[in-house]
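Q: What follows is upload-v5.pdb, made up of PDB, C-alpha atoms:
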ATOM      1  CA  MET A   1      69.841 142.159 -32.915  1.00  0.00           C
ATOM      2  CA  SER A   2      71.373 138.870 -33.986  1.00  0.00           C
ATOM      3  CA  GLY A   3      74.081 138.522 -36.572  1.00  0.00           C
ATOM      4  CA  THR A   4      73.734 136.068 -39.459  1.00  0.00           C
ATOM      5  CA  PHE A   5      75.275 132.612 -39.450  1.00  0.00           C
ATOM      6  CA  PHE A   6      76.692 131.700 -42.853  1.00  0.00           C
ATOM      7  CA  GLY A   7      77.567 128.156 -43.885  1.00  0.00           C
ATOM      8  CA  ILE A   8      80.096 128.609 -46.667  1.00  0.00           C
ATOM      9  CA  GLY A   9      81.250 125.776 -48.890  1.00  0.00           C
ATOM     10  CA  VAL A  10      84.839 126.320 -50.006  1.00  0.00           C
ATOM     11  CA  GLY A  11      85.041 123.329 -52.333  1.00  0.00           C
ATOM     12  CA  PRO A  12      87.199 120.216 -52.210  1.00  0.00           C
ATOM     13  CA  GLY A  13      90.704 121.624 -52.194  1.00  0.00           C
ATOM     14  CA  ASP A  14      91.626 123.889 -55.085  1.00  0.00           C
ATOM     15  CA  PRO A  15      91.469 127.523 -53.825  1.00  0.00           C
ATOM     16  CA  GLU A  16      90.356 128.645 -57.291  1.00  0.00           C
ATOM     17  CA  LEU A  17      87.175 126.576 -56.970  1.00  0.00           C
ATOM     18  CA  VAL A  18      85.849 128.831 -54.187  1.00  0.00           C
ATOM     19  CA  THR A  19      82.861 130.701 -55.627  1.00  0.00           C
ATOM     20  CA  LEU A  20      82.763 134.471 -55.963  1.00  0.00           C
ATOM     21  CA  LYS A  21      79.902 134.647 -53.456  1.00  0.00           C
ATOM     22  CA  ALA A  22      81.804 132.554 -50.929  1.00  0.00           C
ATOM     23  CA  MET A  23      84.887 134.725 -51.368  1.00  0.00           C
ATOM     24  CA  ARG A  24      82.907 137.944 -50.852  1.00  0.00           C
ATOM     25  CA  LEU A  25      81.179 136.715 -47.702  1.00  0.00           C
ATOM     26  CA  ILE A  26      84.408 135.365 -46.215  1.00  0.00           C
ATOM     27  CA  GLN A  27      86.028 138.755 -46.730  1.00  0.00           C
ATOM     28  CA  GLN A  28      83.044 140.617 -45.267  1.00  0.00           C
ATOM     29  CA  ALA A  29      82.313 138.378 -42.259  1.00  0.00           C
ATOM     30  CA  ASP A  30      83.038 139.753 -38.799  1.00  0.00           C
ATOM     31  CA  VAL A  31      84.057 136.329 -37.490  1.00  0.00           C
ATOM     32  CA  LEU A  32      85.305 133.157 -39.153  1.00  0.00           C
ATOM     33  CA  ALA A  33      84.620 129.738 -37.652  1.00  0.00           C
ATOM     34  CA  TYR A  34      86.092 126.390 -38.685  1.00  0.00           C
ATOM     35  CA  LEU A  35      87.060 122.962 -37.459  1.00  0.00           C
ATOM     36  CA  VAL A  36      90.642 121.994 -36.705  1.00  0.00           C
ATOM     37  CA  GLY A  37      92.103 118.520 -36.390  1.00  0.00           C
ATOM     38  CA  GLU A  38      94.590 117.200 -33.888  1.00  0.00           C
ATOM     39  CA  SER A  39      97.377 119.022 -35.744  1.00  0.00           C
ATOM     40  CA  GLY A  40      95.640 122.334 -35.047  1.00  0.00           C
ATOM     41  CA  GLN A  41      95.273 122.965 -38.771  1.00  0.00           C
ATOM     42  CA  SER A  42      92.050 123.715 -40.634  1.00  0.00           C
ATOM     43  CA  GLN A  43      91.847 122.308 -44.143  1.00  0.00           C
ATOM     44  CA  ALA A  44      88.836 124.506 -44.912  1.00  0.00           C
ATOM     45  CA  LYS A  45      90.785 127.624 -43.951  1.00  0.00           C
ATOM     46  CA  GLN A  46      93.736 126.505 -46.047  1.00  0.00           C
ATOM     47  CA  ILE A  47      91.461 126.067 -49.062  1.00  0.00           C
ATOM     48  CA  ALA A  48      90.060 129.600 -48.563  1.00  0.00           C
ATOM     49  CA  VAL A  49      93.537 131.144 -48.664  1.00  0.00           C
ATOM     50  CA  LEU A  50      92.766 133.459 -51.608  1.00  0.00           C
ATOM     51  CA  ALA A  51      89.645 134.829 -49.924  1.00  0.00           C
ATOM     52  CA  LEU A  52      91.557 135.421 -46.700  1.00  0.00           C
ATOM     53  CA  GLU A  53      94.057 137.676 -48.478  1.00  0.00           C
ATOM     54  CA  GLY A  54      91.453 140.426 -48.804  1.00  0.00           C
ATOM     55  CA  ARG A  55      89.970 140.032 -45.345  1.00  0.00           C
ATOM     56  CA  GLN A  56      90.012 142.697 -42.629  1.00  0.00           C
ATOM     57  CA  SER A  57      88.553 142.059 -39.176  1.00  0.00           C
ATOM     58  CA  ASN A  58      89.486 142.821 -35.590  1.00  0.00           C
ATOM     59  CA  HIS A  59      87.610 139.810 -34.241  1.00  0.00           C
ATOM     60  CA  SER A  60      89.222 136.507 -33.346  1.00  0.00           C
ATOM     61  CA  ASP A  61      88.294 133.326 -35.210  1.00  0.00           C
ATOM     62  CA  ILE A  62      86.159 130.671 -33.564  1.00  0.00           C
ATOM     63  CA  VAL A  63      88.276 127.532 -33.660  1.00  0.00           C
ATOM     64  CA  ILE A  64      86.456 124.253 -33.057  1.00  0.00           C
ATOM     65  CA  PRO A  65      88.808 121.347 -32.206  1.00  0.00           C
ATOM     66  CA  MET A  66      87.403 118.112 -33.586  1.00  0.00           C
ATOM     67  CA  PRO A  67      88.741 114.928 -31.942  1.00  0.00           C
ATOM     68  CA  MET A  68      89.634 112.089 -34.286  1.00  0.00           C
ATOM     69  CA  SER A  69      87.379 109.515 -32.735  1.00  0.00           C
ATOM     70  CA  THR A  70      84.659 107.153 -33.914  1.00  0.00           C
ATOM     71  CA  ARG A  71      82.694 108.023 -30.773  1.00  0.00           C
ATOM     72  CA  ARG A  72      79.888 110.436 -31.660  1.00  0.00           C
ATOM     73  CA  GLU A  73      79.813 111.674 -28.070  1.00  0.00           C
ATOM     74  CA  ALA A  74      83.190 113.372 -28.521  1.00  0.00           C
ATOM     75  CA  ALA A  75      82.107 114.994 -31.784  1.00  0.00           C
ATOM     76  CA  ASN A  76      78.786 116.110 -30.319  1.00  0.00           C
ATOM     77  CA  ASN A  77      80.569 117.772 -27.414  1.00  0.00           C
ATOM     78  CA  ALA A  78      82.778 119.655 -29.864  1.00  0.00           C
ATOM     79  CA  TYR A  79      79.760 120.812 -31.860  1.00  0.00           C
ATOM     80  CA  ASP A  80      77.949 121.854 -28.664  1.00  0.00           C
ATOM     81  CA  GLU A  81      80.894 124.018 -27.609  1.00  0.00           C
ATOM     82  CA  GLY A  82      81.330 125.422 -31.106  1.00  0.00           C
ATOM     83  CA  ALA A  83      77.655 126.301 -31.413  1.00  0.00           C
ATOM     84  CA  GLN A  84      77.799 128.064 -28.044  1.00  0.00           C
ATOM     85  CA  ALA A  85      80.768 130.191 -29.103  1.00  0.00           C
ATOM     86  CA  ILE A  86      79.089 131.034 -32.405  1.00  0.00           C
ATOM     87  CA  SER A  87      75.840 131.900 -30.628  1.00  0.00           C
ATOM     88  CA  GLU A  88      77.657 134.310 -28.315  1.00  0.00           C
ATOM     89  CA  ALA A  89      79.188 136.119 -31.305  1.00  0.00           C
ATOM     90  CA  LEU A  90      75.833 136.279 -33.089  1.00  0.00           C
ATOM     91  CA  GLU A  91      74.169 137.755 -30.002  1.00  0.00           C
ATOM     92  CA  LYS A  92      76.644 140.634 -30.225  1.00  0.00           C
ATOM     93  CA  GLY A  93      75.349 141.368 -33.725  1.00  0.00           C
ATOM     94  CA  LEU A  94      78.388 139.882 -35.449  1.00  0.00           C
ATOM     95  CA  ASN A  95      78.088 137.904 -38.677  1.00  0.00           C
ATOM     96  CA  VAL A  96      79.801 134.528 -38.450  1.00  0.00           C
ATOM     97  CA  ALA A  97      80.996 132.586 -41.506  1.00  0.00           C
ATOM     98  CA  PHE A  98      81.652 128.892 -40.955  1.00  0.00           C
ATOM     99  CA  LEU A  99      84.099 127.493 -43.510  1.00  0.00           C
ATOM    100  CA  CYS A 100      83.153 124.018 -44.682  1.00  0.00           C
ATOM    101  CA  GLU A 101      85.052 121.788 -47.088  1.00  0.00           C
ATOM    102  CA  GLY A 102      83.064 120.824 -50.159  1.00  0.00           C
ATOM    103  CA  ASP A 103      79.398 121.718 -49.792  1.00  0.00           C
ATOM    104  CA  PRO A 104      77.938 122.616 -46.361  1.00  0.00           C
ATOM    105  CA  LEU A 105      74.904 120.351 -46.703  1.00  0.00           C
ATOM    106  CA  PHE A 106      76.574 117.360 -48.379  1.00  0.00           C
ATOM    107  CA  PHE A 107      78.308 115.302 -45.678  1.00  0.00           C
ATOM    108  CA  GLY A 108      79.156 118.721 -44.246  1.00  0.00           C
ATOM    109  CA  SER A 109      80.066 119.506 -40.639  1.00  0.00           C
ATOM    110  CA  PHE A 110      77.991 122.683 -40.959  1.00  0.00           C
ATOM    111  CA  THR A 111      74.859 120.544 -40.723  1.00  0.00           C
ATOM    112  CA  TYR A 112      75.493 119.751 -37.047  1.00  0.00           C
ATOM    113  CA  LEU A 113      76.001 123.408 -36.134  1.00  0.00           C
ATOM    114  CA  MET A 114      72.935 124.474 -38.112  1.00  0.00           C
ATOM    115  CA  GLU A 115      70.805 121.958 -36.195  1.00  0.00           C
ATOM    116  CA  ARG A 116      71.918 123.548 -32.928  1.00  0.00           C
ATOM    117  CA  LEU A 117      71.289 127.143 -34.050  1.00  0.00           C
ATOM    118  CA  GLU A 118      68.129 126.843 -36.145  1.00  0.00           C
ATOM    119  CA  GLY A 119      65.400 129.213 -34.965  1.00  0.00           C
ATOM    120  CA  LYS A 120      67.858 131.269 -32.888  1.00  0.00           C
ATOM    121  CA  CYS A 121      69.394 133.395 -35.648  1.00  0.00           C
ATOM    122  CA  PRO A 122      69.209 134.099 -39.394  1.00  0.00           C
ATOM    123  CA  ILE A 123      71.042 131.403 -41.348  1.00  0.00           C
ATOM    124  CA  GLN A 124      72.286 131.471 -44.941  1.00  0.00           C
ATOM    125  CA  VAL A 125      74.001 128.685 -46.845  1.00  0.00           C
ATOM    126  CA  VAL A 126      76.414 129.173 -49.740  1.00  0.00           C
ATOM    127  CA  PRO A 127      76.831 125.961 -51.746  1.00  0.00           C
ATOM    128  CA  GLY A 128      80.259 124.712 -52.669  1.00  0.00           C
ATOM    129  CA  ILE A 129      81.649 122.363 -55.295  1.00  0.00           C
ATOM    130  CA  SER A 130      81.554 118.821 -53.958  1.00  0.00           C
ATOM    131  CA  SER A 131      84.412 116.349 -54.140  1.00  0.00           C
ATOM    132  CA  ILE A 132      82.220 114.195 -56.375  1.00  0.00           C
ATOM    133  CA  HIS A 133      82.026 116.837 -59.083  1.00  0.00           C
ATOM    134  CA  ALA A 134      85.659 117.802 -58.702  1.00  0.00           C
ATOM    135  CA  ALA A 135      86.698 114.159 -59.042  1.00  0.00           C
ATOM    136  CA  ALA A 136      84.547 113.639 -62.126  1.00  0.00           C
ATOM    137  CA  ALA A 137      86.116 116.734 -63.695  1.00  0.00           C
ATOM    138  CA  GLU A 138      89.627 115.519 -62.838  1.00  0.00           C
ATOM    139  CA  LEU A 139      88.868 112.133 -64.374  1.00  0.00           C
ATOM    140  CA  GLN A 140      87.052 113.770 -67.304  1.00  0.00           C
ATOM    141  CA  HIS A 141      84.415 111.146 -66.656  1.00  0.00           C
ATOM    142  CA  PRO A 142      80.623 111.756 -66.812  1.00  0.00           C
ATOM    143  CA  LEU A 143      78.885 110.825 -63.590  1.00  0.00           C
ATOM    144  CA  THR A 144      75.703 109.806 -65.356  1.00  0.00           C
ATOM    145  CA  VAL A 145      74.134 110.069 -68.810  1.00  0.00           C
ATOM    146  CA  LEU A 146      70.696 109.594 -70.336  1.00  0.00           C
ATOM    147  CA  LYS A 147      68.632 107.047 -68.372  1.00  0.00           C
ATOM    148  CA  GLU A 148      71.412 105.779 -66.116  1.00  0.00           C
ATOM    149  CA  SER A 149      70.547 105.508 -62.448  1.00  0.00           C
ATOM    150  CA  PHE A 150      72.914 107.263 -60.064  1.00  0.00           C
ATOM    151  CA  CYS A 151      73.432 107.017 -56.325  1.00  0.00           C
ATOM    152  CA  VAL A 152      75.844 108.131 -53.642  1.00  0.00           C
ATOM    153  CA  VAL A 153      76.661 105.816 -50.755  1.00  0.00           C
ATOM    154  CA  SER A 154      79.011 105.932 -47.811  1.00  0.00           C
ATOM    155  CA  GLY A 155      81.915 103.544 -47.398  1.00  0.00           C
ATOM    156  CA  ARG A 156      80.639 103.110 -43.861  1.00  0.00           C
ATOM    157  CA  HIS A 157      77.821 100.941 -45.191  1.00  0.00           C
ATOM    158  CA  THR A 158      78.067  97.191 -44.846  1.00  0.00           C
ATOM    159  CA  GLU A 159      79.514  95.021 -47.582  1.00  0.00           C
ATOM    160  CA  GLN A 160      76.003  93.776 -48.402  1.00  0.00           C
ATOM    161  CA  GLN A 161      74.655  97.327 -48.745  1.00  0.00           C
ATOM    162  CA  LEU A 162      77.522  98.223 -51.077  1.00  0.00           C
ATOM    163  CA  VAL A 163      76.903  95.090 -53.150  1.00  0.00           C
ATOM    164  CA  GLU A 164      73.201  95.916 -53.440  1.00  0.00           C
ATOM    165  CA  ALA A 165      73.937  99.478 -54.600  1.00  0.00           C
ATOM    166  CA  LEU A 166      76.467  98.262 -57.166  1.00  0.00           C
ATOM    167  CA  HIS A 167      73.996  95.711 -58.512  1.00  0.00           C
ATOM    168  CA  LEU A 168      71.065  98.123 -58.598  1.00  0.00           C
ATOM    169  CA  HIS A 169      72.592 101.303 -60.051  1.00  0.00           C
ATOM    170  CA  ASP A 170      74.497 102.076 -63.237  1.00  0.00           C
ATOM    171  CA  SER A 171      76.630 104.755 -61.582  1.00  0.00           C
ATOM    172  CA  VAL A 172      77.665 104.668 -57.930  1.00  0.00           C
ATOM    173  CA  VAL A 173      79.878 107.064 -55.996  1.00  0.00           C
ATOM    174  CA  ILE A 174      81.277 105.647 -52.766  1.00  0.00           C
ATOM    175  CA  MET A 175      82.303 108.403 -50.365  1.00  0.00           C
ATOM    176  CA  LYS A 176      84.398 108.179 -47.192  1.00  0.00           C
ATOM    177  CA  ALA A 177      86.346 105.319 -48.682  1.00  0.00           C
ATOM    178  CA  GLY A 178      89.382 105.479 -46.365  1.00  0.00           C
ATOM    179  CA  ARG A 179      89.046 102.776 -43.722  1.00  0.00           C
ATOM    180  CA  ALA A 180      86.443 100.975 -45.835  1.00  0.00           C
ATOM    181  CA  ARG A 181      88.693 100.515 -48.862  1.00  0.00           C
ATOM    182  CA  PRO A 182      89.232  96.744 -48.376  1.00  0.00           C
ATOM    183  CA  THR A 183      85.464  96.247 -48.000  1.00  0.00           C
ATOM    184  CA  ILE A 184      84.772  98.366 -51.085  1.00  0.00           C
ATOM    185  CA  MET A 185      87.324  96.436 -53.131  1.00  0.00           C
ATOM    186  CA  LYS A 186      85.661  93.169 -52.079  1.00  0.00           C
ATOM    187  CA  ALA A 187      82.210  94.498 -53.026  1.00  0.00           C
ATOM    188  CA  LEU A 188      83.532  95.582 -56.436  1.00  0.00           C
ATOM    189  CA  ALA A 189      84.957  92.101 -56.989  1.00  0.00           C
ATOM    190  CA  LEU A 190      81.761  90.347 -55.876  1.00  0.00           C
ATOM    191  CA  THR A 191      79.685  92.439 -58.302  1.00  0.00           C
ATOM    192  CA  GLU A 192      82.263  92.121 -61.114  1.00  0.00           C
ATOM    193  CA  ARG A 193      82.594  95.912 -61.301  1.00  0.00           C
ATOM    194  CA  ILE A 194      86.318  96.281 -60.689  1.00  0.00           C
ATOM    195  CA  GLU A 195      86.829  97.428 -64.270  1.00  0.00           C
ATOM    196  CA  ASP A 196      84.044  99.995 -63.918  1.00  0.00           C
ATOM    197  CA  ALA A 197      85.693 101.738 -60.967  1.00  0.00           C
ATOM    198  CA  LYS A 198      88.006 104.735 -60.710  1.00  0.00           C
ATOM    199  CA  TYR A 199      89.533 106.151 -57.539  1.00  0.00           C
ATOM    200  CA  VAL A 200      90.510 109.649 -56.401  1.00  0.00           C
ATOM    201  CA  GLU A 201      91.941 110.887 -53.114  1.00  0.00           C
ATOM    202  CA  TYR A 202      92.630 114.447 -51.944  1.00  0.00           C
ATOM    203  CA  VAL A 203      91.082 115.847 -55.114  1.00  0.00           C
ATOM    204  CA  GLY A 204      92.207 119.380 -55.925  1.00  0.00           C
ATOM    205  CA  ARG A 205      95.059 119.318 -53.413  1.00  0.00           C
ATOM    206  CA  ASP A 206      98.814 119.096 -53.826  1.00  0.00           C
ATOM    207  CA  ASN A 207      98.820 115.435 -52.771  1.00  0.00           C
ATOM    208  CA  GLN A 208      96.002 114.418 -55.121  1.00  0.00           C
ATOM    209  CA  LEU A 209      96.076 110.831 -56.378  1.00  0.00           C
ATOM    210  CA  VAL A 210      94.054 109.535 -59.334  1.00  0.00           C
ATOM    211  CA  GLU A 211      93.878 105.832 -60.153  1.00  0.00           C
ATOM    212  CA  ASN A 212      91.973 104.689 -63.236  1.00  0.00           C
ATOM    213  CA  ASP A 213      92.743 101.019 -62.588  1.00  0.00           C
ATOM    214  CA  VAL A 214      91.736 100.280 -58.996  1.00  0.00           C
ATOM    215  CA  ARG A 215      93.377  96.840 -59.161  1.00  0.00           C
ATOM    216  CA  ARG A 216      96.623  98.720 -58.582  1.00  0.00           C
ATOM    217  CA  LEU A 217      95.459  99.946 -55.175  1.00  0.00           C
ATOM    218  CA  GLN A 218      96.841  98.342 -52.047  1.00  0.00           C
ATOM    219  CA  ASN A 219      94.180  96.327 -50.233  1.00  0.00           C
ATOM    220  CA  GLU A 220      94.544  98.429 -47.094  1.00  0.00           C
ATOM    221  CA  TYR A 221      93.116 101.534 -45.450  1.00  0.00           C
ATOM    222  CA  GLY A 222      93.332 104.765 -47.425  1.00  0.00           C
ATOM    223  CA  PRO A 223      92.852 108.420 -46.441  1.00  0.00           C
ATOM    224  CA  TYR A 224      89.507 109.769 -45.278  1.00  0.00           C
ATOM    225  CA  PHE A 225      89.326 112.155 -48.237  1.00  0.00           C
ATOM    226  CA  SER A 226      88.955 109.534 -50.944  1.00  0.00           C
ATOM    227  CA  LEU A 227      86.187 108.166 -53.125  1.00  0.00           C
ATOM    228  CA  PHE A 228      85.353 105.640 -55.837  1.00  0.00           C
ATOM    229  CA  ILE A 229      83.376 106.480 -58.975  1.00  0.00           C
ATOM    230  CA  VAL A 230      81.826 103.389 -60.541  1.00  0.00           C
ATOM    231  CA  SER A 231      80.010 103.521 -63.895  1.00  0.00           C
ATOM    232  CA  ARG A 232      79.255 101.076 -66.683  1.00  0.00           C
ATOM    233  CA  LYS A 233      81.968 100.524 -69.254  1.00  0.00           C
ATOM    234  CA  GLU A 234      79.371 100.429 -72.011  1.00  0.00           C
ATOM    235  CA  ARG A 235      77.325 103.609 -71.876  1.00  0.00           C
ATOM    236  CA  GLY A 236      74.608 104.968 -74.116  1.00  0.00           C
ATOM    237  CA  THR A 237      75.764 108.371 -75.317  1.00  0.00           C
ATOM    238  CA  ARG A 238      73.253 109.085 -78.055  1.00  0.00           C
TER     239      ARG A 238
END
Take the structure in the file and write it out as structure tokens.

A:
Amino acid sequence: MSGTFFGIGVGPGDPELVTLKAMRLIQQADVLAYLVGESGQSQAKQIAVLALEGRQSNHSDIVIPMPMSTRREAANNAYDEGAQAISEALEKGLNVAFLCEGDPLFFGSFTYLMERLEGKCPIQVVPGISSIHAAAAELQHPLTVLKESFCVVSGRHTEQQLVEALHLHDSVVIMKAGRARPTIMKALALTERIEDAKYVEYVGRDNQLVENDVRRLQNEYGPYFSLFIVSRKERGTR
């Protein structure tokens, strides 16, 4: 009998934003799985610190080292090995909870493991608060109102794609802004939307940075965990 594979969103950084359901399943899971970076640390596990306090299990965690590389081959190899280790635990009847920053199915690493295990075991997904919603709350800034159009794009898009999105939509969230920050700043200038933009990095964490005037940002690479929220200065609110 196979165990169940849980994809658990732990939110963007604040341990108190982990849902009650996520906390319960983390505490009850036989095995925890998570990615670690080159430092050997797991940000998802650090976020789930409150849930881990009430956890009791004799089984070792499944640690999936993720190389910091733009080559998808390296990442795919890591996911292949992680999925194999998870599959072996599931075949023993153990429930495995994979901790995922933000939401598991929104730019989430869980997606790549789920693809490899679909049809082989029961799978359940527990949604988490996304960095978009956490950033909007931190800024106290509505993402969209009334008839405004809204879209989410990746900073990995080309300058032209970013320009098109900024022209077409009232509200635009640009994720994965880090290395793309100079390109994003140029697209904002080209579309005359600099004044519409706000910037947040490491939302919900101790090193959080909020910038309401993006002209103050250095025109250089930023951290991976950063985003821009762009919305019209003049908004219909009635």

Q: Give me, as a ChimeraX atom specification, all polymer residues having an atom no more than 12 Å from Ala187 in chain A, counting all atoms listed in the file and skipping those fewer than 2 positions away in the same chain.

A: /A:155,157-167,174,180-185,189-194,197,228,230

Q: With all atoms listed in the file as the atoms that count, which of A:Ala33, A:Phe5, A:Tyr199, A:Ile229 lies nearest to Gly119 in chain A?

A: A:Phe5

Q: Closest to Pro65 in chain A among A:Glu38, A:Glu195, A:Glu148, A:Glu88, using all atoms listed in the file?

A: A:Glu38

Q: Residues at most 8 Å from range 109-111 of chain A, counting all atoms listed in the file, excluding those fewer than 6 positions away in the same chain, as a list in words?

A: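 My list of contacting residues is Gly7, Phe98 and Cys100 of chain A.
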
Q: Pull out every residue that the PyMOL selection byres ((chain A and resi 75) around 12) matches in the shown coordinates and put them as a ChimeraX atom specification.

A: /A:35,37,64-74,76-82,109,112-113

Q: What does the distance from CA of Lys233 in chain A to CA of Val152 in chain A come to in Å, to one decimal?

A: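 Distance reported for this atom pair: 18.4 Å.
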
Q: Name the residues that the PyMOL selection byres ((chain A and resi 125-137) around 8) pulls out of this structure, and write them as JSON, numbers by chain.

A: {"A": [6, 7, 8, 9, 10, 11, 12, 17, 18, 19, 21, 22, 101, 102, 103, 104, 105, 106, 123, 124, 138, 139, 140, 141, 142, 143, 173, 200, 203, 204, 227, 229]}

Q: So how many Å separate CA of Gln218 in chain A and CA of Arg156 in chain A, to one decimal?

A: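 CA of Arg156 in chain A lies 18.8 Å from CA of Gln218 in chain A.
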
Q: Could you tell me, as a list of chain:residue names, which residues have any atom at most 12 Å from (68.6, 131.6, -37.0), counting all atoms listed in the file?

A: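 In the file's frame, the residues around the point are A:Met1, A:Ser2, A:Gly3, A:Thr4, A:Phe5, A:Phe6, A:Gly7, A:Ala83, A:Ile86, A:Ser87, A:Leu90, A:Glu91, A:Asn95, A:Val96, A:Leu113, A:Met114, A:Glu115, A:Arg116, A:Leu117, A:Glu118, A:Gly119, A:Lys120, A:Cys121, A:Pro122, A:Ile123, A:Gln124, A:Val125.
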